[in-house]
Number of protein chains: 2
Amino acid sequence: MSRRRVTIDDVAKLAGVSYQTVSRVINNKPYVSETTRQRVQEVIAETGYRPSPIARSLVTARTATIGLVVPDISNPYFSAIARGVEQVAYSKNYNVLLCNTGEDASRELEVLHALDERYVDGVIVCGLREEDALLQEALVHFRAAVLVNRRFADETIPAIVVDDVLGGYLATQHLLQMGHTAVGFIAGPTTSYSGAKRLQGYEKALTEAGLERQIDWVQHCPPTVVGGQLATQTLLANHPEITALFCYNDLVAVGALRDCAAVGRRVPQDMAIVGYDDIMLATLVSPPLTSCHVPRVEMGSQAVSMLLNCINNETDRCDEIVVTPELVVRASTMGVDTAVSVKQTAVLPNRAH
Amino acid sequence: MSRRRVTIDDVAKLAGVSYQTVSRVINNKPYVSETTRQRVQEVIAETGYRPSPIARSLVTARTATIGLVVPDISNPYFSAIARGVEQVAYSKNYNVLLCNTGEDASRELEVLHALDERYVDGVIVCGLREEDALLQEALVHFRAAVLVNRRFADETIPAIVVDDVLGGYLATQHLLQMGHTAVGFIAGPTTSYSGAKRLQGYEKALTEAGLERQIDWVQHCPPTVVGGQLATQTLLANHPEITALFCYNDLVAVGALRDCAAVGRRVPQDMAIVGYDDIMLATLVSPPLTSCHVPRVEMGSQAVSMLLNCINNETDRCDEIVVTPELVVRASTMGVDTAVSVKQTAVLPNRAH
DNA sequence: ATCATATATGTGAACGCTCACAATATCATT
DNA sequence: AATGATATTGTGAGCGTTCACATATATGAT
């Protein structure tokens, strides 16, 4: 089909120089006279020569490729991160290898193993469920790695995290400020790192308001619409006194919304609901959801920047970026339909040393 | 950091055989005695040896990697396809290189070029906007390519397409059966291949019902919520006689829903709305949207199967799979909230020779 | 014992590049 | 005119595999 590939030797021969000189031109290295450089470049243009990244990788031990591990790319939360990752990776001439784990912890290790075999220069890993020790053992093989939304206890691996304690706090505080005193938490998966953080924020807000936290008011569930709906059903059946719900994410919140619709509870009059992540869906359901906005695309971009810093051993490497979530108030907690941003401060990363 | 890589020679030495024998074991080739095979495998296990895919690629000219080009991975339509692609690619030990084009036609060529340089074994390209000639010129470099949702005039490149004429027909027919006679079409981008197909189906249904198609009842727009909302606003301002809308996709349909809400038109009583694609969102808005279901994950899986067939020159290669959409009726066109599948036939691909 | 045949193993080369170093050319200094 | 520094070019080797072929050993029929 396609004729034989043009090699560096072909170019060298045609330009009447050694292959090494051609290599110098390609890589913009010094010690090439202007005239030869031009001649070589002409030949390259004429022949349409493209250096083989594979041959290059074989000797440089770099692939200009990074791995992106997500639980499920069709989940809007992760696809937004992926967008950010792809965007800046591409702009820096890196390619992105995509891997789904399907929310399966053991698949995480499997996938990392596969990426390792592929010699990626680094990995960005999101939404991990597997244990610290096993993950660390798997991640140590990589030249560089960045975690998204998780921190290891010993903080060995750089990470970009959302300040979920703050998020949980803001969400709960808002509900308390709206006059609610019985606030439930539909808490997502028990294994979720961020879920645990949000729970802390939730508790903090309650404590601060002088309210006792009721163990029973926290209900775990899968992070899906159906999960949220069932959890809400269960929780409200056992505790009809609850008048407000803080939800693990927007999908869960939509589930809560549906359960309320099903049993005839009006939102926000009979039940106030706050979601998390602020995915597009939050603005489109009715009533639109109050939600904690998380800048996902930016998180993806920043993760790549961190990673490339590590890969290239730049001086300004940092090992943690904390992203500040922002509560966006909509009709699911207030009588009005207009979105109001309670915290108007810019979402700037806090760089740690 | 990590100690020197284990090579095939190391294994050979330790097992007391030649590197070629080790290679045979790795690749499950014949002509290795059972005893040596075992010995080699033991050494491989002990040393944790992994063959270098790069060195292998250099000689085999295969990378076990496929490229996936999408306009925007954060668009739920494409992320679902990506999911399907990744799933079966991974199961066949292929990796997926992800590329966004950002709905930018010239980026499509750029990205394909980049993938070509990376020596991917094949590409799957979705939602192309660029002209036939340019794309064909770019795609000819690949060992294999599969298009999703587009066909070239000369049918040179295998493709997986939705029967959008049928989809448009089913959607429109449904609206006509519900008693509407003034059915508008919010048609999406003018450059969309599938948009053109759906328009044909729309016209076909009208013609069949003996209705004259009104040029003015078709309004193009960007394939977004806002695009749909504005287009609806414009269309209904000019043609208040319209009582039903067929929309290019679900996002556009949600836009239509919003415009109706804004101007106080009740759905479905004053305005019936049909979307397309049946993304999750369609079930979550209120009223839930009647929509044309497109099996996106399956399309992704099948695209990979087609591609791998081409790459490996399997005998049963085919160059077109037509996927049948299915109308899912929900409350946006009927008085009831229960979803009803009008066409219950299984969604099976029609294989063309 | 002899030869053909099948099985088992080994050797040189190549894939297309970059690295480390060697060789030559250029030019100002002494 | 010889010296040394600096710019420019070239050479050999190697990255870690697989391919094509050569060789050795075992099996079975004559």
# chains A, B, ... in the order shown; residues from 1 in each chain; ligands from 1
>>> closest_atom_pairs(of="chain B", to="chain A", cutoff="8 Å", atoms="only C-alpha atoms", output="tab-separated table")
residue	atom	partner	partner_atom	distance
B:Ser2	CA	A:His141	CA	7.0
B:Arg50	CA	A:Glu117	CA	7.0
B:Pro51	CA	A:Glu117	CA	8.0
B:Ser52	CA	A:Glu117	CA	7.0
B:Pro53	CA	A:Arg118	CA	6.3
B:Ile54	CA	A:Ile54	CA	6.1
B:Ala55	CA	A:Leu58	CA	6.1
B:Ser57	CA	A:Ile54	CA	7.1
B:Leu58	CA	A:Ile54	CA	6.1
B:Asp72	CA	A:Arg83	CA	7.3
B:Ile73	CA	A:Ser79	CA	6.0
B:Ser74	CA	A:Ser79	CA	4.7
B:Asn75	CA	A:Ser79	CA	7.9
B:Pro76	CA	A:Ser74	CA	6.5
B:Ser79	CA	A:Ser74	CA	4.7
B:Ala80	CA	A:Ser74	CA	5.0
B:Ala82	CA	A:Ile73	CA	7.2
B:Arg83	CA	A:Ile73	CA	6.0
B:Glu86	CA	A:Cys99	CA	6.9
B:Gln87	CA	A:Asn100	CA	7.5
B:Asn95	CA	A:Leu97	CA	6.8
B:Val96	CA	A:Leu97	CA	5.6
B:Leu97	CA	A:Leu97	CA	4.7
B:Leu98	CA	A:Val96	CA	5.7
B:Cys99	CA	A:Glu86	CA	6.9
B:Asn100	CA	A:Glu86	CA	7.1
B:Glu117	CA	A:Ser52	CA	7.0
B:Arg118	CA	A:Pro53	CA	6.3
B:His141	CA	A:Ser2	CA	7.1
B:Val254	CA	A:Leu284	CA	7.7
B:Leu281	CA	A:Leu281	CA	6.8
B:Leu284	CA	A:Val285	CA	6.5
B:Val285	CA	A:Val285	CA	4.9
B:Ser286	CA	A:Ser286	CA	6.6
>>> interface_residues(of="chain B", to="chain C", cutoff="8 Å", atoms="only C-alpha atoms (C1' of nucleotides)", output="short mmCIF file (atom, residue, chain, number, x, y, z; two decimals) with N, CA, C and O atoms, in the first residue's frame")
data_model
loop_
_atom_site.label_atom_id
_atom_site.label_comp_id
_atom_site.auth_asym_id
_atom_site.auth_seq_id
_atom_site.Cartn_x
_atom_site.Cartn_y
_atom_site.Cartn_z
N SER B 18 19.46 -19.65 23.94
CA SER B 18 19.69 -18.46 23.11
C SER B 18 18.52 -17.50 23.23
O SER B 18 17.41 -17.89 23.62
N GLN B 20 16.88 -16.28 20.96
CA GLN B 20 15.84 -16.64 20.01
C GLN B 20 14.85 -17.62 20.62
O GLN B 20 13.64 -17.53 20.42
N THR B 21 15.38 -18.55 21.39
CA THR B 21 14.51 -19.51 22.06
C THR B 21 13.58 -18.79 23.03
O THR B 21 12.39 -19.08 23.10
N TYR B 31 8.31 -25.36 18.01
CA TYR B 31 9.72 -25.74 17.98
C TYR B 31 10.47 -25.33 19.23
O TYR B 31 11.57 -24.77 19.16
N VAL B 32 9.82 -25.53 20.35
CA VAL B 32 10.53 -25.39 21.62
C VAL B 32 10.12 -26.60 22.46
O VAL B 32 8.92 -26.90 22.56
N SER B 33 11.07 -27.29 23.00
CA SER B 33 10.73 -28.48 23.77
C SER B 33 10.06 -28.07 25.07
O SER B 33 10.29 -26.97 25.59
N LEU B 58 9.52 -1.75 16.64
CA LEU B 58 10.52 -1.30 15.67
C LEU B 58 10.71 -2.34 14.58
O LEU B 58 10.85 -2.00 13.42
N VAL B 59 10.67 -3.58 14.98
CA VAL B 59 10.89 -4.60 13.96
C VAL B 59 9.61 -5.10 13.31
O VAL B 59 9.58 -5.36 12.11
N THR B 60 8.53 -5.16 14.07
CA THR B 60 7.30 -5.68 13.48
C THR B 60 6.48 -4.61 12.76
O THR B 60 5.58 -4.93 12.01
#
>>> interface_residues(of="chain D", to="chain A", cutoff="10 Å", atoms="only C-alpha atoms (C1' of nucleotides)", output="PDB file with all heavy atoms, in the first residue's frame")
ATOM      1  P    DA D   7      31.978  27.680  19.311  1.00  0.00           P
ATOM      2  OP1  DA D   7      31.097  28.857  19.451  1.00  0.00           O
ATOM      3  OP2  DA D   7      31.805  26.523  20.215  1.00  0.00           O
ATOM      4  O5'  DA D   7      31.869  27.175  17.798  1.00  0.00           O
ATOM      5  C5'  DA D   7      32.074  28.114  16.751  1.00  0.00           C
ATOM      6  C4'  DA D   7      32.194  27.362  15.458  1.00  0.00           C
ATOM      7  O4'  DA D   7      33.247  26.370  15.597  1.00  0.00           O
ATOM      8  C3'  DA D   7      30.926  26.595  15.059  1.00  0.00           C
ATOM      9  O3'  DA D   7      30.639  26.921  13.705  1.00  0.00           O
ATOM     10  C2'  DA D   7      31.295  25.119  15.233  1.00  0.00           C
ATOM     11  C1'  DA D   7      32.796  25.139  15.045  1.00  0.00           C
ATOM     12  N9   DA D   7      33.520  24.088  15.771  1.00  0.00           N
ATOM     13  C8   DA D   7      33.589  23.909  17.117  1.00  0.00           C
ATOM     14  N7   DA D   7      34.339  22.895  17.485  1.00  0.00           N
ATOM     15  C5   DA D   7      34.796  22.374  16.283  1.00  0.00           C
ATOM     16  C6   DA D   7      35.634  21.287  15.977  1.00  0.00           C
ATOM     17  N6   DA D   7      36.175  20.497  16.904  1.00  0.00           N
ATOM     18  N1   DA D   7      35.881  21.043  14.673  1.00  0.00           N
ATOM     19  C2   DA D   7      35.326  21.841  13.749  1.00  0.00           C
ATOM     20  N3   DA D   7      34.541  22.891  13.908  1.00  0.00           N
ATOM     21  C4   DA D   7      34.308  23.102  15.216  1.00  0.00           C
ATOM     22  P    DT D   8      29.246  26.472  13.077  1.00  0.00           P
ATOM     23  OP1  DT D   8      28.965  27.310  11.894  1.00  0.00           O
ATOM     24  OP2  DT D   8      28.270  26.376  14.179  1.00  0.00           O
ATOM     25  O5'  DT D   8      29.594  25.020  12.552  1.00  0.00           O
ATOM     26  C5'  DT D   8      30.324  24.910  11.317  1.00  0.00           C
ATOM     27  C4'  DT D   8      30.716  23.491  11.084  1.00  0.00           C
ATOM     28  O4'  DT D   8      31.353  22.940  12.240  1.00  0.00           O
ATOM     29  C3'  DT D   8      29.588  22.516  10.785  1.00  0.00           C
ATOM     30  O3'  DT D   8      29.521  22.376   9.373  1.00  0.00           O
ATOM     31  C2'  DT D   8      30.005  21.218  11.482  1.00  0.00           C
ATOM     32  C1'  DT D   8      31.399  21.546  12.000  1.00  0.00           C
ATOM     33  N1   DT D   8      31.828  20.884  13.259  1.00  0.00           N
ATOM     34  C2   DT D   8      32.704  19.827  13.192  1.00  0.00           C
ATOM     35  O2   DT D   8      33.151  19.386  12.158  1.00  0.00           O
ATOM     36  N3   DT D   8      33.050  19.288  14.412  1.00  0.00           N
ATOM     37  C4   DT D   8      32.614  19.714  15.665  1.00  0.00           C
ATOM     38  O4   DT D   8      33.001  19.148  16.684  1.00  0.00           O
ATOM     39  C5   DT D   8      31.707  20.814  15.663  1.00  0.00           C
ATOM     40  C7   DT D   8      31.165  21.334  16.957  1.00  0.00           C
ATOM     41  C6   DT D   8      31.346  21.346  14.472  1.00  0.00           C
ATOM     42  P    DT D   9      28.495  21.402   8.715  1.00  0.00           P
ATOM     43  OP1  DT D   9      28.476  21.667   7.263  1.00  0.00           O
ATOM     44  OP2  DT D   9      27.240  21.432   9.494  1.00  0.00           O
ATOM     45  O5'  DT D   9      29.181  19.995   8.946  1.00  0.00           O
ATOM     46  C5'  DT D   9      30.087  19.504   7.970  1.00  0.00           C
ATOM     47  C4'  DT D   9      30.637  18.190   8.425  1.00  0.00           C
ATOM     48  O4'  DT D   9      30.916  18.251   9.837  1.00  0.00           O
ATOM     49  C3'  DT D   9      29.690  16.997   8.285  1.00  0.00           C
ATOM     50  O3'  DT D   9      30.081  16.247   7.153  1.00  0.00           O
ATOM     51  C2'  DT D   9      29.871  16.203   9.582  1.00  0.00           C
ATOM     52  C1'  DT D   9      31.014  16.919  10.276  1.00  0.00           C
ATOM     53  N1   DT D   9      30.941  16.893  11.752  1.00  0.00           N
ATOM     54  C2   DT D   9      31.761  16.049  12.452  1.00  0.00           C
ATOM     55  O2   DT D   9      32.565  15.321  11.914  1.00  0.00           O
ATOM     56  N3   DT D   9      31.603  16.085  13.813  1.00  0.00           N
ATOM     57  C4   DT D   9      30.729  16.881  14.536  1.00  0.00           C
ATOM     58  O4   DT D   9      30.689  16.831  15.759  1.00  0.00           O
ATOM     59  C5   DT D   9      29.894  17.737  13.743  1.00  0.00           C
ATOM     60  C7   DT D   9      28.901  18.637  14.396  1.00  0.00           C
ATOM     61  C6   DT D   9      30.027  17.716  12.397  1.00  0.00           C
ATOM     62  P    DG D  10      29.339  14.906   6.791  1.00  0.00           P
ATOM     63  OP1  DG D  10      29.609  14.604   5.374  1.00  0.00           O
ATOM     64  OP2  DG D  10      27.952  14.968   7.300  1.00  0.00           O
ATOM     65  O5'  DG D  10      30.160  13.862   7.674  1.00  0.00           O
ATOM     66  C5'  DG D  10      31.540  13.731   7.462  1.00  0.00           C
ATOM     67  C4'  DG D  10      32.111  12.607   8.323  1.00  0.00           C
ATOM     68  O4'  DG D  10      31.978  12.978   9.724  1.00  0.00           O
ATOM     69  C3'  DG D  10      31.397  11.264   8.166  1.00  0.00           C
ATOM     70  O3'  DG D  10      32.390  10.260   7.990  1.00  0.00           O
ATOM     71  C2'  DG D  10      30.661  11.068   9.480  1.00  0.00           C
ATOM     72  C1'  DG D  10      31.504  11.859  10.453  1.00  0.00           C
ATOM     73  N9   DG D  10      30.777  12.406  11.597  1.00  0.00           N
ATOM     74  C8   DG D  10      29.760  13.315  11.572  1.00  0.00           C
ATOM     75  N7   DG D  10      29.317  13.627  12.766  1.00  0.00           N
ATOM     76  C5   DG D  10      30.095  12.866  13.632  1.00  0.00           C
ATOM     77  C6   DG D  10      30.084  12.782  15.047  1.00  0.00           C
ATOM     78  O6   DG D  10      29.351  13.383  15.836  1.00  0.00           O
ATOM     79  N1   DG D  10      31.046  11.885  15.517  1.00  0.00           N
ATOM     80  C2   DG D  10      31.898  11.172  14.722  1.00  0.00           C
ATOM     81  N2   DG D  10      32.748  10.362  15.360  1.00  0.00           N
ATOM     82  N3   DG D  10      31.932  11.246  13.404  1.00  0.00           N
ATOM     83  C4   DG D  10      31.003  12.112  12.924  1.00  0.00           C
ATOM     84  P    DT D  11      31.931   8.783   7.602  1.00  0.00           P
ATOM     85  OP1  DT D  11      32.902   8.260   6.626  1.00  0.00           O
ATOM     86  OP2  DT D  11      30.480   8.765   7.309  1.00  0.00           O
ATOM     87  O5'  DT D  11      32.167   8.007   8.966  1.00  0.00           O
ATOM     88  C5'  DT D  11      33.455   8.033   9.569  1.00  0.00           C
ATOM     89  C4'  DT D  11      33.481   7.165  10.813  1.00  0.00           C
ATOM     90  O4'  DT D  11      32.812   7.852  11.896  1.00  0.00           O
ATOM     91  C3'  DT D  11      32.775   5.820  10.654  1.00  0.00           C
ATOM     92  O3'  DT D  11      33.657   4.798  11.120  1.00  0.00           O
ATOM     93  C2'  DT D  11      31.527   5.920  11.515  1.00  0.00           C
ATOM     94  C1'  DT D  11      31.940   6.960  12.560  1.00  0.00           C
ATOM     95  N1   DT D  11      30.814   7.777  13.091  1.00  0.00           N
ATOM     96  C2   DT D  11      30.647   7.863  14.456  1.00  0.00           C
ATOM     97  O2   DT D  11      31.357   7.305  15.252  1.00  0.00           O
ATOM     98  N3   DT D  11      29.590   8.646  14.846  1.00  0.00           N
ATOM     99  C4   DT D  11      28.711   9.344  14.025  1.00  0.00           C
ATOM    100  O4   DT D  11      27.807  10.024  14.494  1.00  0.00           O
ATOM    101  C5   DT D  11      28.945   9.206  12.608  1.00  0.00           C
ATOM    102  C7   DT D  11      28.043   9.892  11.647  1.00  0.00           C
ATOM    103  C6   DT D  11      29.970   8.440  12.213  1.00  0.00           C
ATOM    104  P    DG D  14      28.633  -1.961  21.488  1.00  0.00           P
ATOM    105  OP1  DG D  14      29.415  -2.203  22.714  1.00  0.00           O
ATOM    106  OP2  DG D  14      28.512  -3.004  20.449  1.00  0.00           O
ATOM    107  O5'  DG D  14      27.167  -1.523  21.912  1.00  0.00           O
ATOM    108  C5'  DG D  14      26.958  -0.311  22.611  1.00  0.00           C
ATOM    109  C4'  DG D  14      25.508   0.077  22.485  1.00  0.00           C
ATOM    110  O4'  DG D  14      25.265   0.560  21.142  1.00  0.00           O
ATOM    111  C3'  DG D  14      24.531  -1.100  22.688  1.00  0.00           C
ATOM    112  O3'  DG D  14      23.680  -0.787  23.768  1.00  0.00           O
ATOM    113  C2'  DG D  14      23.772  -1.208  21.377  1.00  0.00           C
ATOM    114  C1'  DG D  14      23.958   0.158  20.763  1.00  0.00           C
ATOM    115  N9   DG D  14      23.866   0.196  19.316  1.00  0.00           N
ATOM    116  C8   DG D  14      24.464  -0.631  18.391  1.00  0.00           C
ATOM    117  N7   DG D  14      24.177  -0.328  17.160  1.00  0.00           N
ATOM    118  C5   DG D  14      23.331   0.763  17.266  1.00  0.00           C
ATOM    119  C6   DG D  14      22.694   1.528  16.263  1.00  0.00           C
ATOM    120  O6   DG D  14      22.750   1.394  15.045  1.00  0.00           O
ATOM    121  N1   DG D  14      21.914   2.561  16.817  1.00  0.00           N
ATOM    122  C2   DG D  14      21.794   2.799  18.157  1.00  0.00           C
ATOM    123  N2   DG D  14      21.014   3.817  18.513  1.00  0.00           N
ATOM    124  N3   DG D  14      22.391   2.102  19.110  1.00  0.00           N
ATOM    125  C4   DG D  14      23.132   1.100  18.587  1.00  0.00           C
ATOM    126  P    DC D  15      22.850  -1.924  24.481  1.00  0.00           P
ATOM    127  OP1  DC D  15      23.315  -2.024  25.867  1.00  0.00           O
ATOM    128  OP2  DC D  15      22.831  -3.117  23.612  1.00  0.00           O
ATOM    129  O5'  DC D  15      21.378  -1.346  24.474  1.00  0.00           O
ATOM    130  C5'  DC D  15      21.063  -0.041  24.917  1.00  0.00           C
ATOM    131  C4'  DC D  15      19.744   0.352  24.316  1.00  0.00           C
ATOM    132  O4'  DC D  15      19.962   0.722  22.943  1.00  0.00           O
ATOM    133  C3'  DC D  15      18.767  -0.815  24.236  1.00  0.00           C
ATOM    134  O3'  DC D  15      17.971  -0.792  25.419  1.00  0.00           O
ATOM    135  C2'  DC D  15      17.933  -0.497  22.996  1.00  0.00           C
ATOM    136  C1'  DC D  15      18.784   0.498  22.203  1.00  0.00           C
ATOM    137  N1   DC D  15      19.225   0.046  20.842  1.00  0.00           N
ATOM    138  C2   DC D  15      18.919   0.832  19.730  1.00  0.00           C
ATOM    139  O2   DC D  15      18.271   1.871  19.903  1.00  0.00           O
ATOM    140  N3   DC D  15      19.343   0.438  18.499  1.00  0.00           N
ATOM    141  C4   DC D  15      20.036  -0.695  18.371  1.00  0.00           C
ATOM    142  N4   DC D  15      20.434  -1.029  17.138  1.00  0.00           N
ATOM    143  C5   DC D  15      20.365  -1.505  19.492  1.00  0.00           C
ATOM    144  C6   DC D  15      19.931  -1.107  20.694  1.00  0.00           C
ATOM    145  P    DG D  16      17.974  -2.103  26.401  1.00  0.00           P
ATOM    146  OP1  DG D  16      17.345  -1.729  27.678  1.00  0.00           O
ATOM    147  OP2  DG D  16      19.307  -2.723  26.374  1.00  0.00           O
ATOM    148  O5'  DG D  16      16.978  -3.094  25.639  1.00  0.00           O
ATOM    149  C5'  DG D  16      15.634  -2.718  25.495  1.00  0.00           C
ATOM    150  C4'  DG D  16      14.972  -3.632  24.491  1.00  0.00           C
ATOM    151  O4'  DG D  16      15.606  -3.470  23.211  1.00  0.00           O
ATOM    152  C3'  DG D  16      15.083  -5.107  24.837  1.00  0.00           C
ATOM    153  O3'  DG D  16      13.795  -5.660  24.730  1.00  0.00           O
ATOM    154  C2'  DG D  16      16.021  -5.659  23.773  1.00  0.00           C
ATOM    155  C1'  DG D  16      15.754  -4.728  22.609  1.00  0.00           C
ATOM    156  N9   DG D  16      16.843  -4.610  21.653  1.00  0.00           N
ATOM    157  C8   DG D  16      18.195  -4.682  21.909  1.00  0.00           C
ATOM    158  N7   DG D  16      18.932  -4.522  20.840  1.00  0.00           N
ATOM    159  C5   DG D  16      18.005  -4.339  19.812  1.00  0.00           C
ATOM    160  C6   DG D  16      18.209  -4.115  18.429  1.00  0.00           C
ATOM    161  O6   DG D  16      19.276  -4.034  17.822  1.00  0.00           O
ATOM    162  N1   DG D  16      16.997  -3.974  17.742  1.00  0.00           N
ATOM    163  C2   DG D  16      15.755  -4.041  18.327  1.00  0.00           C
ATOM    164  N2   DG D  16      14.715  -3.879  17.511  1.00  0.00           N
ATOM    165  N3   DG D  16      15.557  -4.245  19.623  1.00  0.00           N
ATOM    166  C4   DG D  16      16.718  -4.385  20.299  1.00  0.00           C
TER     167       DG D  16
END
>>> atom_distance(atom1="atom CA of Pro71 of chain B", atom2="atom CA of Pro189 of chain B")
13.6 Å
>>> residues_around(residues="segment 147-161 of chain A", least_positions_apart="3", cutoff="7 Å", atoms="only C-alpha atoms (C1' of nucleotides)", output="list of chain:residue names")
A:Ile124, A:Val125, A:Cys126, A:Gly127, A:Asp132, A:Tyr193, A:Ser194, A:Ala303, A:Asp319, A:Glu320, A:Ile321, A:Val322, A:Val323
>>> residues_around(residues="Leu166 of chain A", least_positions_apart="2", cutoff="12 Å", atoms="only C-alpha atoms (C1' of nucleotides)", output="VMD selection string")
chain A and resid 161 to 164 168 to 174 194 197 to 205 276 292 to 294 322 to 327 343
